[in-house]
Every structure is written in structure tokens, then in C-alpha cells.
file data.txt (compact mmCIF, C-alpha atoms)
# COMPACT_ATOMS: atom_id res chain seq x y z
CA MET Y 1 0.00 0.00 0.00
CA ALA Y 2 2.83 2.38 0.90
CA ARG Y 3 4.55 1.62 -2.42
CA ARG Y 4 1.32 2.36 -4.32
CA LYS Y 5 0.89 5.71 -2.58
CA SER Y 6 4.52 6.54 -3.27
CA GLN Y 7 4.00 5.66 -6.96
CA LYS Y 8 0.96 7.97 -7.10
CA ARG Y 9 2.91 10.81 -5.52
CA ARG Y 10 5.74 10.42 -8.02
CA ASN Y 11 3.38 10.31 -11.00
CA LYS Y 12 1.32 13.26 -9.74
CA LYS Y 13 4.51 15.30 -9.48
CA TYR Y 14 3.96 16.22 -13.12
CA GLN Y 15 0.71 18.11 -13.43
CA VAL Y 16 -0.56 19.11 -16.84
CA ASN Y 17 -1.92 22.55 -17.56
CA ASN Y 18 -5.44 21.62 -18.64
CA ARG Y 19 -6.18 24.86 -20.47
CA GLN Y 20 -6.86 23.48 -23.93
CA LEU Y 21 -7.22 25.17 -27.25
CA LYS Y 22 -10.36 24.45 -29.21
CA ALA Y 23 -9.67 22.09 -32.12
CA LYS Y 24 -9.86 23.81 -35.47
CA ARG Y 25 -11.60 20.85 -37.03
CA PRO Y 26 -13.44 17.77 -35.78
CA TYR Y 27 -11.46 14.55 -35.44
CA LYS Y 28 -12.30 10.90 -35.81
CA ASP Y 29 -11.49 8.32 -33.17
CA THR Y 30 -9.91 4.92 -33.79
CA ILE Y 31 -10.79 1.47 -32.47
CA PHE Y 32 -7.35 1.23 -30.85
CA ARG Y 33 -7.85 4.47 -28.98
CA MET Y 34 -11.40 3.53 -27.96
CA LEU Y 35 -10.16 0.19 -26.63
CA TYR Y 36 -7.25 1.59 -24.65
CA HIS Y 37 -9.06 4.64 -23.40
CA ASP Y 38 -10.12 2.16 -20.73
CA LYS Y 39 -7.44 2.33 -18.03
CA GLU Y 40 -7.65 -1.38 -17.20
CA ASN Y 41 -6.96 -2.29 -20.83
CA LEU Y 42 -4.18 0.30 -21.04
CA LEU Y 43 -2.52 -1.07 -17.91
CA SER Y 44 -2.64 -4.57 -19.39
CA LEU Y 45 -0.96 -3.29 -22.56
CA TYR Y 46 1.65 -1.41 -20.52
CA ASN Y 47 2.44 -4.52 -18.46
CA ALA Y 48 2.82 -6.66 -21.58
CA VAL Y 49 5.13 -4.19 -23.34
CA ASN Y 50 7.30 -3.52 -20.28
CA GLY Y 51 7.25 -6.88 -18.52
CA ARG Y 52 5.47 -5.51 -15.45
CA ASN Y 53 2.67 -6.83 -13.26
CA TYR Y 54 0.89 -3.74 -11.97
CA THR Y 55 -2.71 -4.25 -10.92
CA ASN Y 56 -3.91 -0.75 -10.00
CA ALA Y 57 -4.95 1.14 -13.12
CA GLU Y 58 -5.12 4.38 -11.12
CA ASP Y 59 -1.32 4.38 -11.04
CA LEU Y 60 -1.52 5.49 -14.68
CA GLN Y 61 -1.68 9.25 -15.09
CA ILE Y 62 -3.26 10.01 -18.47
CA VAL Y 63 -1.80 13.14 -20.07
CA THR Y 64 -3.04 12.79 -23.65
CA LEU Y 65 -3.31 16.24 -25.23
CA LYS Y 66 -6.89 17.02 -26.15
CA ASN Y 67 -6.05 19.38 -29.00
CA ALA Y 68 -3.30 17.34 -30.64
CA ILE Y 69 -4.69 16.39 -34.03
CA TYR Y 70 -2.87 15.09 -37.09
CA MET Y 71 -4.50 14.47 -40.48
CA GLY Y 72 -7.96 14.63 -38.89
CA MET Y 73 -7.12 11.85 -36.42
CA LYS Y 74 -6.55 12.45 -32.73
CA ASN Y 75 -3.19 11.37 -31.35
CA ASP Y 76 -3.69 8.21 -29.40
CA LEU Y 77 -2.40 7.85 -25.84
CA ALA Y 78 0.04 9.60 -23.56
CA PHE Y 79 0.48 8.64 -19.92
CA ILE Y 80 2.97 8.74 -17.06
CA MET Y 81 4.01 5.56 -15.28
CA ASP Y 82 7.17 4.66 -13.35
CA MET Y 83 8.49 8.20 -13.86
CA ASN Y 84 8.34 7.66 -17.64
CA LEU Y 85 6.17 9.51 -20.12
CA TYR Y 86 4.82 7.04 -22.68
CA LEU Y 87 3.45 7.96 -26.08
CA TYR Y 88 1.51 5.02 -27.49
CA GLU Y 89 0.20 5.39 -31.02
CA HIS Y 90 -1.56 3.09 -33.46
CA GLN Y 91 -0.70 3.25 -37.17
CA SER Y 92 -2.26 1.39 -40.07
CA THR Y 93 0.09 3.04 -42.56
CA TYR Y 94 3.87 2.76 -42.61
CA ASN Y 95 5.16 6.18 -41.58
CA PRO Y 96 8.91 6.85 -41.17
CA ASN Y 97 8.11 10.46 -40.20
CA ILE Y 98 6.72 9.44 -36.82
CA PRO Y 99 9.86 10.60 -34.92
CA LEU Y 100 9.37 14.16 -36.15
CA ARG Y 101 5.69 14.07 -35.23
CA ASN Y 102 6.55 12.75 -31.79
CA LEU Y 103 9.15 15.48 -31.36
CA PHE Y 104 6.46 18.11 -31.79
CA TYR Y 105 4.12 16.21 -29.51
CA ILE Y 106 6.60 15.62 -26.68
CA ALA Y 107 7.69 19.26 -26.76
CA ASP Y 108 4.06 20.26 -26.26
CA GLU Y 109 3.70 17.75 -23.41
CA TYR Y 110 6.80 19.00 -21.62
CA GLN Y 111 5.72 22.60 -22.01
CA ARG Y 112 2.51 21.81 -20.14
CA LEU Y 113 4.25 19.70 -17.51
CA VAL Y 114 6.61 22.51 -16.48
CA VAL Y 115 4.33 25.47 -17.16
CA GLN Y 116 4.42 26.57 -13.52
CA LYS Y 117 8.16 26.06 -13.09
CA SER Y 118 11.03 28.37 -13.91
CA LEU Y 119 13.41 27.13 -16.57
CA TYR Y 120 15.84 29.90 -15.54
CA SER Y 121 16.29 28.40 -12.10
CA THR Y 122 19.73 27.24 -10.96
CA VAL Y 123 18.06 23.95 -9.98
CA ILE Y 124 17.49 21.46 -12.80
CA GLN Y 125 13.82 20.85 -13.49
CA LYS Y 126 13.25 17.11 -13.67
CA ILE Y 127 10.96 15.71 -16.36
CA PRO Y 128 9.69 12.16 -16.94
CA THR Y 129 11.73 10.07 -19.37
CA PRO Y 130 10.00 9.78 -22.77
CA ARG Y 131 9.21 6.42 -24.36
CA PHE Y 132 7.76 6.27 -27.88
CA ILE Y 133 5.95 3.19 -29.17
CA VAL Y 134 3.91 2.68 -32.33
CA PHE Y 135 1.59 -0.30 -32.66
CA TYR Y 136 1.50 -1.02 -36.38
CA ASN Y 137 -1.17 -3.13 -38.06
CA GLY Y 138 -0.94 -2.02 -41.69
CA THR Y 139 -0.71 -4.29 -44.72
CA LYS Y 140 2.93 -3.54 -45.54
CA LYS Y 141 5.15 -6.46 -44.50
CA VAL Y 142 7.43 -5.38 -41.66
CA ASP Y 143 9.41 -7.15 -38.94
CA ASP Y 144 7.89 -7.71 -35.51
CA TYR Y 145 10.22 -5.04 -34.11
CA ASN Y 146 11.41 -1.91 -35.89
CA GLU Y 147 13.06 1.33 -34.86
CA PHE Y 148 12.79 4.78 -36.42
CA ARG Y 149 15.20 7.59 -35.58
CA LEU Y 150 14.79 11.31 -36.00
CA SER Y 151 18.39 11.53 -37.22
CA SER Y 152 17.44 9.50 -40.30
CA ALA Y 153 15.67 12.62 -41.57
CA TYR Y 154 18.70 14.88 -41.20
CA GLU Y 155 19.99 16.22 -44.51
CA ASN Y 156 23.46 16.38 -43.00
CA PRO Y 157 23.83 13.02 -41.19
CA THR Y 158 26.16 12.67 -38.22
CA ASP Y 159 27.20 9.70 -36.11
CA ASN Y 160 26.47 11.53 -32.88
CA PRO Y 161 23.53 13.92 -33.47
CA ASP Y 162 22.86 16.63 -30.89
CA LEU Y 163 19.16 15.80 -31.08
CA GLU Y 164 17.90 12.22 -31.35
CA LEU Y 165 14.50 10.62 -30.88
CA ARG Y 166 13.90 6.90 -31.21
CA VAL Y 167 10.53 5.31 -31.85
CA THR Y 168 9.92 1.60 -31.41
CA MET Y 169 7.39 0.15 -33.85
CA LEU Y 170 5.76 -3.15 -32.92
CA ASN Y 171 3.95 -5.17 -35.56
CA VAL Y 172 0.62 -6.11 -33.96
CA ASN Y 173 -0.97 -7.83 -36.91
CA ASP Y 174 -2.48 -11.24 -36.20
CA GLY Y 175 0.33 -13.80 -36.02
CA HIS Y 176 3.09 -11.33 -35.09
CA ASN Y 177 4.79 -10.58 -31.76
CA LEU Y 178 3.27 -13.72 -30.29
CA GLU Y 179 4.85 -13.36 -26.85
CA LEU Y 180 3.51 -9.82 -26.52
CA MET Y 181 0.06 -10.95 -27.66
CA GLU Y 182 -0.01 -13.76 -25.11
CA HIS Y 183 0.60 -11.25 -22.33
CA CYS Y 184 -2.12 -8.84 -23.50
CA ARG Y 185 -5.46 -10.42 -24.30
CA THR Y 186 -7.06 -7.23 -25.61
CA LEU Y 187 -4.21 -6.65 -28.07
CA LYS Y 188 -4.38 -10.23 -29.33
CA GLU Y 189 -8.14 -10.01 -29.82
CA TYR Y 190 -7.88 -6.56 -31.39
CA ALA Y 191 -5.49 -8.05 -33.96
CA LYS Y 192 -7.98 -10.82 -34.67
CA TYR Y 193 -10.79 -8.30 -35.16
CA VAL Y 194 -8.71 -6.24 -37.60
CA ALA Y 195 -7.73 -9.39 -39.51
CA ARG Y 196 -11.39 -10.41 -39.74
CA VAL Y 197 -12.44 -7.07 -41.21
CA ARG Y 198 -9.57 -7.11 -43.73
CA LYS Y 199 -10.45 -10.65 -44.73
CA TYR Y 200 -13.97 -9.65 -45.73
CA VAL Y 201 -12.89 -6.39 -47.36
CA THR Y 202 -10.45 -8.28 -49.62
CA GLN Y 203 -13.35 -10.53 -50.65
CA ASN Y 204 -14.98 -7.42 -52.17
CA ILE Y 205 -17.73 -7.43 -49.58
CA PRO Y 206 -19.11 -3.88 -49.11
CA LEU Y 207 -17.26 -2.16 -46.28
CA GLU Y 208 -20.25 -1.69 -43.95
CA GLU Y 209 -21.29 -5.32 -44.41
CA ALA Y 210 -17.69 -6.50 -43.87
CA VAL Y 211 -17.36 -4.55 -40.62
CA THR Y 212 -20.78 -5.57 -39.31
CA ARG Y 213 -20.12 -9.23 -40.08
CA ALA Y 214 -16.70 -9.06 -38.38
CA VAL Y 215 -18.21 -7.47 -35.26
CA ASP Y 216 -21.03 -10.03 -35.02
CA GLU Y 217 -18.69 -12.99 -35.53
CA CYS Y 218 -16.19 -11.71 -32.96
CA ILE Y 219 -18.97 -11.34 -30.39
CA GLU Y 220 -20.16 -14.89 -31.11
CA GLU Y 221 -16.59 -16.23 -30.77
CA GLY Y 222 -15.77 -14.33 -27.58
CA ILE Y 223 -13.33 -11.87 -29.22
CA LEU Y 224 -13.44 -8.43 -27.55
CA VAL Y 225 -16.97 -9.43 -26.65
CA GLU Y 226 -17.54 -6.98 -23.77
CA PHE Y 227 -16.05 -4.05 -25.69
CA LEU Y 228 -17.91 -4.83 -28.91
CA MET Y 229 -21.26 -5.42 -27.25
CA LYS Y 230 -21.00 -2.20 -25.25
CA ASN Y 231 -19.87 -0.06 -28.20
CA LYS Y 232 -21.22 -1.96 -31.21
CA ALA Y 233 -22.78 0.95 -33.14
CA GLU Y 234 -19.80 3.24 -32.57
CA VAL Y 235 -17.29 0.49 -33.39
CA ILE Y 236 -18.98 -0.14 -36.73
CA LYS Y 237 -19.06 3.58 -37.51
CA VAL Y 238 -15.41 4.15 -36.52
CA SER Y 239 -14.20 1.01 -38.30
CA ILE Y 240 -15.86 2.09 -41.53
CA TYR Y 241 -14.15 5.46 -41.25
CA GLU Y 242 -10.77 3.87 -40.44
CA TYR Y 243 -10.78 1.48 -43.39
CA ASP Y 244 -12.23 4.06 -45.73
CA LYS Y 245 -9.38 6.37 -44.69
CA GLU Y 246 -6.86 3.56 -45.17
CA PHE Y 247 -8.20 2.93 -48.68
CA GLU Y 248 -8.02 6.64 -49.54
CA GLU Y 249 -4.44 6.84 -48.28
CA LYS Y 250 -3.47 3.91 -50.49
CA LYS Y 251 -5.00 5.66 -53.50
CA LEU Y 252 -3.17 8.86 -52.57
CA ARG Y 253 0.19 7.07 -52.28
CA LYS Y 254 -0.41 5.39 -55.64
CA ALA Y 255 -1.24 8.72 -57.26
CA GLU Y 256 1.84 10.32 -55.69
CA TYR Y 257 4.01 7.49 -56.96
CA GLU Y 258 2.61 7.74 -60.47
CA ALA Y 259 3.02 11.52 -60.43
CA GLY Y 260 6.60 11.10 -59.26
CA VAL Y 261 7.35 8.66 -62.06
CA GLU Y 262 5.76 10.97 -64.62
CA ALA Y 263 7.73 13.93 -63.24
CA GLY Y 264 10.89 11.86 -63.41
CA ILE Y 265 10.23 11.00 -67.04
CA GLU Y 266 9.55 14.64 -67.89
CA LEU Y 267 12.71 15.69 -66.10
CA GLY Y 268 14.71 13.09 -67.99
CA GLU Y 269 13.26 14.16 -71.32
CA ARG Y 270 14.01 17.82 -70.55
CA SER Y 271 17.61 16.98 -69.62
CA LEU Y 272 18.08 15.03 -72.86
CA LEU Y 273 16.62 17.90 -74.90
CA GLU Y 274 18.94 20.41 -73.21
CA ASN Y 275 21.98 18.28 -74.04
CA GLN Y 276 20.93 17.95 -77.67
CA ILE Y 277 20.37 21.72 -77.98
CA ARG Y 278 23.74 22.42 -76.36
CA LYS Y 279 25.57 20.17 -78.81
CA LYS Y 280 23.85 21.67 -81.83
CA LEU Y 281 24.56 25.23 -80.66
CA LYS Y 282 28.26 24.35 -80.35
CA LYS Y 283 28.18 23.31 -84.00
CA GLY Y 284 26.86 26.78 -84.84
CA LYS Y 285 23.43 25.67 -85.96
CA PRO Y 286 20.68 28.35 -85.93
CA ILE Y 287 17.68 27.98 -83.64
CA GLU Y 288 15.30 27.35 -86.55
CA GLN Y 289 17.40 24.41 -87.76
CA ILE Y 290 17.71 22.97 -84.25
CA ALA Y 291 13.95 23.17 -83.81
CA ASP Y 292 13.42 21.43 -87.13
CA GLU Y 293 15.89 18.62 -86.38
CA LEU Y 294 14.50 18.02 -82.87
CA GLU Y 295 10.89 18.38 -84.04
CA GLU Y 296 10.17 21.06 -81.46
CA ALA Y 297 8.68 24.55 -81.75
CA VAL Y 298 11.14 27.40 -82.19
CA THR Y 299 9.66 29.11 -79.12
CA THR Y 300 10.33 25.96 -77.06
CA ILE Y 301 13.98 25.89 -78.11
CA GLN Y 302 14.34 29.61 -77.38
CA ARG Y 303 12.79 29.23 -73.92
CA ILE Y 304 15.08 26.32 -72.99
CA ILE Y 305 18.15 28.26 -74.16
CA GLU Y 306 17.15 31.30 -72.08
CA GLU Y 307 16.38 29.22 -68.99
CA THR Y 308 19.69 27.37 -69.30
CA LYS Y 309 21.57 30.68 -69.46
CA LYS Y 310 19.85 31.90 -66.28
CA GLU Y 311 20.71 28.66 -64.46
CA ASN Y 312 24.35 29.02 -65.44

call {"tool": "encode", "arguments": {"input": "data.txt", "output": "C-alpha cells"}}
result
Amino acid sequence: MARRKSQKRRNKKYQVNNRQLKAKRPYKDTIFRMLYHDKENLLSLYNAVNGRNYTNAEDLQIVTLKNAIYMGMKNDLAFIMDMNLYLYEHQSTYNPNIPLRNLFYIADEYQRLVVQKSLYSTVIQKIPTPRFIVFYNGTKKVDDYNEFRLSSAYENPTDNPDLELRVTMLNVNDGHNLELMEHCRTLKEYAKYVARVRKYVTQNIPLEEAVTRAVDECIEEGILVEFLMKNKAEVIKVSIYEYDKEFEEKKLRKAEYEAGVEAGIELGERSLLENQIRKKLKKGKPIEQIADELEEAVTTIQRIIEETKKEN
């Protein structure tokens, strides 16, 4: 009992300034966040990830920022436990930019944690140690354990960067990280639910029907049964949004890829044309002749010559 009270006192040492800004746009929740908004479920996940056996969910101090929104989705979970500040996030898309996002997020967290303290004091202001974990359940094949580093984004890489931020990504798709799944029932069953929805979606079953069927079957089979029965209508609504969003993101990435390829081709063609014009100019050929030989308009050849001169 004394240890529990001591733990509470240590966690409560960091009090968040609860003055929140109003969100500029509405956000959508996720099934992961709905599931682990429950402190008991979150404690179970924490224990599984960290190899702990805590039983009192009140030892968790939730500090999730209410106005932290990215791409219309609310950031997932932030909490203090064991003098550490954990940022747990669910991702269904592979995102190597998560360290930069977490940098912005953790800076905002720390600003609120020390808002009533002086950073000009001669005494060092202690802050909880940050831990960043992403629970990934996208369709891209990745290892069970991955690590992203902020320094990977630096244009001028260095072996010993002054600023580093590491994010651990755990693959929580059904059949991955089996030991972790065995220690967290809700995570294991969440993975099974996601797999069930994806199974029906890939069979070209309409999304709403696929989600509804997955929810009903999971309830019948005892998968997340209490959570799904209590929140059935909202789960179906949120799941439809999540998978619709995932589909749209895939289309966007495909379009970006195709646009990049097209831009690359255009850039290559332009470079080739510039080289041909340069060679013909060195031979003293007039612009009209160059245009005729390259089957281009005279105005096009003139523009490229002028732009090349400006670049040089």
C-alpha cells in the first residue's frame, strides 16, 4: 500500500496545464484508442510491453493532449508511469516520419508539464523520461520489431547527433509478436478483429457489411466481446471510417508514386533535350534548324536556351 501511494505521488509530481485550445476541425477516433481509453486495458498493454505486473490502473496518469490532431485523427495515448512519459500510437500506414511528429508532440507535453516552473532556475527541473511506441497493423510487410530515428531525416547526417529521438514500432498484426500478444489479451483479440475485417474487405464485400459481419462474428466467438457489445454501433461507424481512410491513403500514395514517375520522365526528357540543344549550338546551328531537327517549336527551343543561361 505504501509503495502504491509513493508511486501515485511520483506520477502526480507532473501536473498538466489543462487549459486546452479548441480544435480547429473535428477529429475521428480509432478502435485502438477507444479500446485503450479504458485504463484497465491500457494497464494490461503497458504490463505486456514492459514486462510488469501492476494491478492498480489508477497508477496510470493520463496526459493525452486534447487538442493534438494530425490528419484529422486524434493522437492516441500519452500517460505517465514509473516516472516515464509514454506515447503510445496506433498506425495502419507505414510512416517513417513518426519521430518528427513525436518530437512536436513531446515538446508540447513538456511545455505543459513545467508550465508553472522556472526554466531559468539554478536547480534542474526534472521531467519524466519519454518512451515512444507505435503499434503497427498495416498491410505492408514489416518485422515484428522496428526502430525509427529522428536523425534518419537529417539532410546532414552525423554519427552523434545533438538531437535524437527513437521510436519503437511493434507489428501487432495477427500472427506477429506472439509473446507480446499472449501477455495482453485485448491486443491479441484486437489483432484478430482487424484481420477479420480485412479478410472480408479483400473478398470485395461492401465495407459496412464486412465490418458488421466481423463485429457479429467476434462477439459470437468471444473476441473483444464486452467491448464490442458495449460499443457496437460506434465500433462499426469508426471502423468504416478507419478502413475508408486507409483505402483513400493507399489511392493517394499510388497517385503520388505515379506523379513522381511521370515527373521523373519529364525531367529526364528535358535533360536530354537540353543536351541535344547544347551540342547543336556548339556546332553553330541556328535555332530554326535545331527546332526542325528536334521536331520542337522554335519558341520551345528559345525558352530552354534562355532558362539554361539563367541557371548558369

call {"tool": "closest_atom_pairs", "arguments": {"input": "data.txt", "of": "region 50-124 of chain Y", "to": "region 174-184 of chain Y", "cutoff": "12 Å", "atoms": "all atoms listed in the file", "output": "Markdown table"}}
result
| residue | atom | partner | partner_atom | distance |
| --- | --- | --- | --- | --- |
| Y:Asn50 | CA | Y:Leu180 | CA | 9.6 |
| Y:Gly51 | CA | Y:His183 | CA | 8.8 |
| Y:Arg52 | CA | Y:His183 | CA | 10.2 |
| Y:Asn53 | CA | Y:His183 | CA | 10.3 |

call {"tool": "atom_distance", "arguments": {"input": "data.txt", "atom1": "CA of Leu103 (chain Y)", "atom2": "CA of Ala78 (chain Y)"}}
result
13.4 Å

call {"tool": "residues_around", "arguments": {"input": "data.txt", "residues": "region 216-223 of chain Y", "least_positions_apart": "5", "cutoff": "8 Å", "atoms": "only C-alpha atoms", "output": "list in words"}}
result
Glu189, Tyr190, Lys192, Tyr193, Leu228 and Met229 of chain Y

call {"tool": "atom_distance", "arguments": {"input": "data.txt", "atom1": "CA of Glu164 (chain Y)", "atom2": "CA of Leu60 (chain Y)"}}
result
26.5 Å

call {"tool": "atom_distance", "arguments": {"input": "data.txt", "atom1": "CA of Pro96 (chain Y)", "atom2": "CA of Phe148 (chain Y)"}}
result
6.5 Å

call {"tool": "decode", "arguments": {"input": "data.txt", "residues": "region 288-305 of chain Y", "atoms": "N, CA, C and O atoms", "output": "compact mmCIF listing (two decimals), in the first residue's frame"}}
result
# COMPACT_ATOMS: atom_id res chain seq x y z
N GLU Y 288 16.33 27.92 -85.67
CA GLU Y 288 15.30 27.35 -86.55
C GLU Y 288 15.68 25.95 -86.99
O GLU Y 288 14.83 25.04 -87.05
N GLN Y 289 16.95 25.73 -87.31
CA GLN Y 289 17.40 24.41 -87.76
C GLN Y 289 17.34 23.40 -86.61
O GLN Y 289 16.95 22.25 -86.80
N ILE Y 290 17.75 23.85 -85.42
CA ILE Y 290 17.71 22.97 -84.25
C ILE Y 290 16.28 22.53 -83.96
O ILE Y 290 16.02 21.34 -83.72
N ALA Y 291 15.36 23.49 -84.05
CA ALA Y 291 13.95 23.17 -83.81
C ALA Y 291 13.44 22.16 -84.83
O ALA Y 291 12.70 21.23 -84.49
N ASP Y 292 13.85 22.33 -86.07
CA ASP Y 292 13.42 21.43 -87.13
C ASP Y 292 13.96 20.02 -86.91
O ASP Y 292 13.23 19.02 -87.05
N GLU Y 293 15.26 19.93 -86.56
CA GLU Y 293 15.89 18.62 -86.38
C GLU Y 293 15.35 17.89 -85.14
O GLU Y 293 15.24 16.65 -85.14
N LEU Y 294 15.00 18.65 -84.10
CA LEU Y 294 14.50 18.02 -82.87
C LEU Y 294 12.98 17.92 -82.85
O LEU Y 294 12.40 17.41 -81.88
N GLU Y 295 12.34 18.41 -83.92
CA GLU Y 295 10.89 18.38 -84.04
C GLU Y 295 10.22 19.07 -82.85
O GLU Y 295 9.26 18.57 -82.26
N GLU Y 296 10.73 20.23 -82.53
CA GLU Y 296 10.17 21.06 -81.46
C GLU Y 296 9.87 22.45 -82.01
O GLU Y 296 10.44 22.85 -83.02
N ALA Y 297 9.00 23.18 -81.33
CA ALA Y 297 8.68 24.55 -81.75
C ALA Y 297 9.88 25.45 -81.50
O ALA Y 297 10.64 25.25 -80.55
N VAL Y 298 10.03 26.47 -82.35
CA VAL Y 298 11.14 27.40 -82.19
C VAL Y 298 11.04 28.10 -80.83
O VAL Y 298 12.06 28.30 -80.14
N THR Y 299 9.83 28.44 -80.41
CA THR Y 299 9.66 29.11 -79.12
C THR Y 299 10.10 28.21 -77.95
O THR Y 299 10.63 28.70 -76.96
N THR Y 300 9.89 26.90 -78.10
CA THR Y 300 10.33 25.96 -77.06
C THR Y 300 11.84 25.95 -76.95
O THR Y 300 12.40 25.98 -75.84
N ILE Y 301 12.51 25.91 -78.10
CA ILE Y 301 13.98 25.89 -78.11
C ILE Y 301 14.52 27.20 -77.53
O ILE Y 301 15.46 27.19 -76.72
N GLN Y 302 13.90 28.31 -77.89
CA GLN Y 302 14.34 29.61 -77.38
C GLN Y 302 14.18 29.68 -75.85
O GLN Y 302 15.06 30.17 -75.14
N ARG Y 303 13.04 29.18 -75.36
CA ARG Y 303 12.79 29.23 -73.92
C ARG Y 303 13.81 28.40 -73.16
O ARG Y 303 14.34 28.82 -72.13
N ILE Y 304 14.12 27.20 -73.67
CA ILE Y 304 15.08 26.32 -72.99
C ILE Y 304 16.46 26.96 -72.97
O ILE Y 304 17.18 26.90 -71.96
N ILE Y 305 16.84 27.60 -74.08
CA ILE Y 305 18.15 28.26 -74.16
C ILE Y 305 18.23 29.39 -73.13
O ILE Y 305 19.23 29.53 -72.41
